[in-house]
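Student: Below are the structure tokens for one structure; questions will follow.
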Amino acid sequence: MKKPSTLLRSLSTRLSTRLSPSPAVAPWPPVRSAYDRWLAAELDELRADPLSPCTSAAWLGRALGLAVAAQRRLVESGTAAGAGIDRKTVDECVEDTAEMLDACAGLRDRLDMLRGYVSSTRAALHWLEGGGGAAAPARRAAAAFAECDAVERRCGAELAKCGSNLRKLGERALLHARNPAGAAGRDEEALSGARAAALLAVGAMGAALSFRPRRAVSGVAHLAAGGAGGKGAVAQWECALHEVQRHVREEYDRRRKDGVPCMAELDAAAAAGRAVRCAVAGGRACPVTVAAAARRRCDELEEAVAAFEEKIGDLHRELIAVRMVLLEWAQRARGHELLRLPRI
């Protein structure tokens, strides 16, 4: 029979062994990074704002602003980061950033078209209001409305290739699940968050600025719990991003099936133009109230276009800065490879 002191020591040893945490067990709840908390909070706020529906210019402007902020955070931390990310991933991100810059250029072209649309609508209103029902002003107004129709057709056909490229980017945008731990995981998290925020904003803009949207909104492919290849847990910001994308896609798909523009201000301007055409059908004079409503809608659309031009310009500049950081990472990775000595 064991002595009492020996028995107590044996029980104490076994109890402490059972109670000590296993090094292979991850902590629960998982430790969230400061970046994860920031981006998740921003996305939750973007989704839950009742005053700015996702079809409004205000919401799209906020989405662009978040994309700009995410690129800026990556650039600010980029000089001392990136050492743990493999060269192939960095090279892919350099190419993807170039695709995103092309998408921004496409959005700028689309905004130029919308400026032409507003100008043509105003020209038509000018001829209708000052023509007094005469034939010559009516013909000039009809020509201006024909230019509006041409813009609608071009906007419906533009960015098809760009949308396809954005979908491909979305399939590989979430990178940090490959290496969720350590400094490399933090670097990839910031890189993934910046790309995801840009894809969300640019994808929504591409659909919103089309009179006849033909494709669903491009975005980031959703990762199920466990991450890519079953490694690591999905970050909270990824879950928040999925909820925002789901909400935007459902609303935009509904409007797309109804055959109306996704952005409310664009839809209102197009509807006001149709109301003017119906009012003057058969040579009638345009009612003052109908013309005033059309002018007001043109002003609202022009204000939205001006705000978008500024924010897309900001995003374009930040993406160039991100590309410079990525090229620095790629050069550093190649330098490390050159310094490796062959095994003897």
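We name chains A, B, ... following the order of the structure tokens; residues begin at 1 in each chain, and ligands are numbered from 1 as shown.
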Neighbouring residues of A:Leu327 were defined as those with any atom within 10 Å, considering only C-alpha atoms; residues of the same chain fewer than 6 positions away were excluded. Please report them as an NGL selection string.

Tutor: :A and (90-91 or 93-94 or 321 or 333)

Student: Could you name the residues that touch stretch 254-268 of chain A at 9 Å or less, counting only C-alpha atoms, but leaving out those on the same chain fewer than 5 positions away, as a CSV table (one decimal) with N, CA, C and O atoms, in the first residue's frame?

Tutor:
chain,number,residue,atom,x,y,z
A,54,CYS,N,-27.9,49.9,-50.4
A,54,CYS,CA,-26.7,49.6,-51.3
A,54,CYS,C,-26.9,50.0,-52.7
A,54,CYS,O,-26.0,49.9,-53.5
A,55,THR,N,-28.1,50.4,-53.1
A,55,THR,CA,-28.4,50.9,-54.4
A,55,THR,C,-28.2,52.4,-54.5
A,55,THR,O,-28.4,53.0,-55.6
A,56,SER,N,-27.8,53.1,-53.5
A,56,SER,CA,-27.6,54.6,-53.5
A,56,SER,C,-26.2,55.0,-53.8
A,56,SER,O,-25.3,54.2,-53.5
A,57,ALA,N,-26.0,56.2,-54.3
A,57,ALA,CA,-24.7,56.7,-54.5
A,57,ALA,C,-24.0,56.9,-53.2
A,57,ALA,O,-22.7,56.7,-53.2
A,60,LEU,N,-22.4,53.5,-52.3
A,60,LEU,CA,-21.3,53.2,-53.1
A,60,LEU,C,-20.1,54.0,-52.8
A,60,LEU,O,-19.0,53.6,-52.9
A,114,LEU,N,-21.6,58.8,-68.5
A,114,LEU,CA,-22.7,59.4,-67.8
A,114,LEU,C,-22.8,60.9,-67.8
A,114,LEU,O,-23.8,61.5,-67.8
A,205,MET,N,-19.8,48.9,-58.2
A,205,MET,CA,-19.8,50.1,-59.1
A,205,MET,C,-20.0,49.6,-60.6
A,205,MET,O,-20.8,50.3,-61.3
A,207,ALA,N,-21.7,47.2,-61.7
A,207,ALA,CA,-23.1,46.8,-62.0
A,207,ALA,C,-24.0,48.1,-61.8
A,207,ALA,O,-25.0,48.2,-62.5
A,208,ALA,N,-23.6,48.9,-60.8
A,208,ALA,CA,-24.5,50.1,-60.5
A,208,ALA,C,-24.5,51.1,-61.7
A,208,ALA,O,-25.5,51.8,-61.9
A,209,LEU,N,-23.4,51.2,-62.4
A,209,LEU,CA,-23.3,52.3,-63.4
A,209,LEU,C,-23.8,51.8,-64.8
A,209,LEU,O,-23.4,52.4,-65.8
A,210,SER,N,-24.5,50.7,-64.8
A,210,SER,CA,-25.0,50.2,-66.1
A,210,SER,C,-26.5,50.4,-66.2
A,210,SER,O,-27.2,50.1,-65.2
A,211,PHE,N,-27.0,50.9,-67.3
A,211,PHE,CA,-28.4,51.0,-67.5
A,211,PHE,C,-29.2,49.7,-67.6
A,211,PHE,O,-30.3,49.5,-67.2
A,212,ARG,N,-28.4,48.7,-68.2
A,212,ARG,CA,-29.0,47.4,-68.4
A,212,ARG,C,-28.0,46.3,-67.9
A,212,ARG,O,-27.3,45.7,-68.7
A,213,PRO,N,-27.8,46.2,-66.6
A,213,PRO,CA,-26.8,45.3,-66.1
A,213,PRO,C,-27.1,43.8,-66.5
A,213,PRO,O,-28.3,43.4,-66.4
A,214,ARG,N,-26.1,43.2,-67.0
A,214,ARG,CA,-26.2,41.8,-67.6
A,214,ARG,C,-25.6,40.7,-66.7
A,214,ARG,O,-25.9,39.6,-66.9
A,215,ARG,N,-24.8,41.1,-65.8
A,215,ARG,CA,-24.1,40.2,-64.9
A,215,ARG,C,-24.3,40.5,-63.5
A,215,ARG,O,-24.6,41.6,-63.1
A,216,ALA,N,-24.1,39.4,-62.7
A,216,ALA,CA,-24.2,39.6,-61.2
A,216,ALA,C,-23.0,40.4,-60.7
A,216,ALA,O,-22.0,40.5,-61.4
A,249,ARG,N,-25.7,41.5,-53.7
A,249,ARG,CA,-26.1,40.6,-54.8
A,249,ARG,C,-27.6,40.4,-54.9
A,249,ARG,O,-28.2,40.5,-56.0
A,273,GLY,N,-36.1,61.1,-67.9
A,273,GLY,CA,-36.0,61.3,-69.3
A,273,GLY,C,-37.1,60.6,-70.1
A,273,GLY,O,-37.7,61.2,-71.1
A,294,ALA,N,-36.9,66.5,-64.4
A,294,ALA,CA,-35.8,65.9,-65.1
A,294,ALA,C,-34.5,66.7,-64.8
A,294,ALA,O,-33.4,66.1,-64.7
A,297,ARG,N,-33.2,65.6,-61.4
A,297,ARG,CA,-32.6,64.3,-61.5
A,297,ARG,C,-31.2,64.3,-62.2
A,297,ARG,O,-30.3,63.6,-61.8
A,298,CYS,N,-31.1,65.2,-63.2
A,298,CYS,CA,-29.8,65.3,-63.9
A,298,CYS,C,-28.7,65.9,-62.9
A,298,CYS,O,-27.6,65.5,-62.9
A,300,GLU,N,-28.7,65.6,-59.6
A,300,GLU,CA,-28.4,64.6,-58.6
A,300,GLU,C,-27.4,63.6,-59.2
A,300,GLU,O,-26.4,63.2,-58.6
A,301,LEU,N,-27.6,63.2,-60.5
A,301,LEU,CA,-26.7,62.2,-61.1
A,301,LEU,C,-25.4,62.9,-61.3
A,301,LEU,O,-24.3,62.2,-61.1
A,304,ALA,N,-23.4,62.9,-58.1
A,304,ALA,CA,-22.9,61.5,-57.8
A,304,ALA,C,-21.7,61.2,-58.7
A,304,ALA,O,-20.7,60.6,-58.2

Student: Go ahead and compute the interatomic distance for atom CA of A:Arg122 and atom CA of A:Ala291, in Å to one decimal.

Tutor: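 Calculated distance between atom CA of A:Arg122 and atom CA of A:Ala291 is 9.5 Å.
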
Student: Can you pull out every residue within 8 Å of A:Trp237, counting only C-alpha atoms, but drop anything in the same chain fewer than 2 positions away, and send it as a PyMOL selection string?

Tutor: chain A and resi 36-37+39-41+43+235+239-241

Student: Which residues are near A:Lys88? Cut-off 12 Å, only C-alpha atoms, ignore same chain within fewer than 4 positions. Put them as a ChimeraX atom specification.

Tutor: /A:84,92-95,175,326,329-331,333-334

Student: Rank A:Cys104, A:Ala150, A:Ala124, A:Ala204 by their smallest atom-to-atom distance to A:Ile320, using only C-alpha atoms, and report the top residue only.

Tutor: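 The shortest atom-to-atom distance to A:Ile320 comes from A:Cys104.
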
Student: In Å, rounded to a single decimal, give me how far atom CA of A:Lys311 is from atom CA of A:Glu328.

Tutor: 25.8 Å

Student: Just the residues within 12 Å of A:Leu319, please, counting only C-alpha atoms, with nothing from its chain fewer than 4 positions along; format it as number ranges by chain.

Tutor: A: 67-75, 93-105, 191, 194-195, 197-199, 312-315, 323-326

Student: Rank nothing, just name the residue among A:Ala201, A:Leu125, A:Val31, A:Val118 nearest to A:Glu303, using only C-alpha atoms.

Tutor: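 Of A:Ala201, A:Leu125, A:Val31, A:Val118, the one nearest A:Glu303, counting only C-alpha atoms, is A:Val118.
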
Student: List every residue of stretch 44-143 of chain A that DSSP, applied to the backbone of this structure, assigns to alpha helix (DSSP H), and report them as a ChimeraX atom specification.

Tutor: /A:44-48,57-78,87-131,135-143

Student: What is the distance, in Å and to one decimal place, between atom CA of A:Arg47 and atom CA of A:His247?

Tutor: 7.7 Å
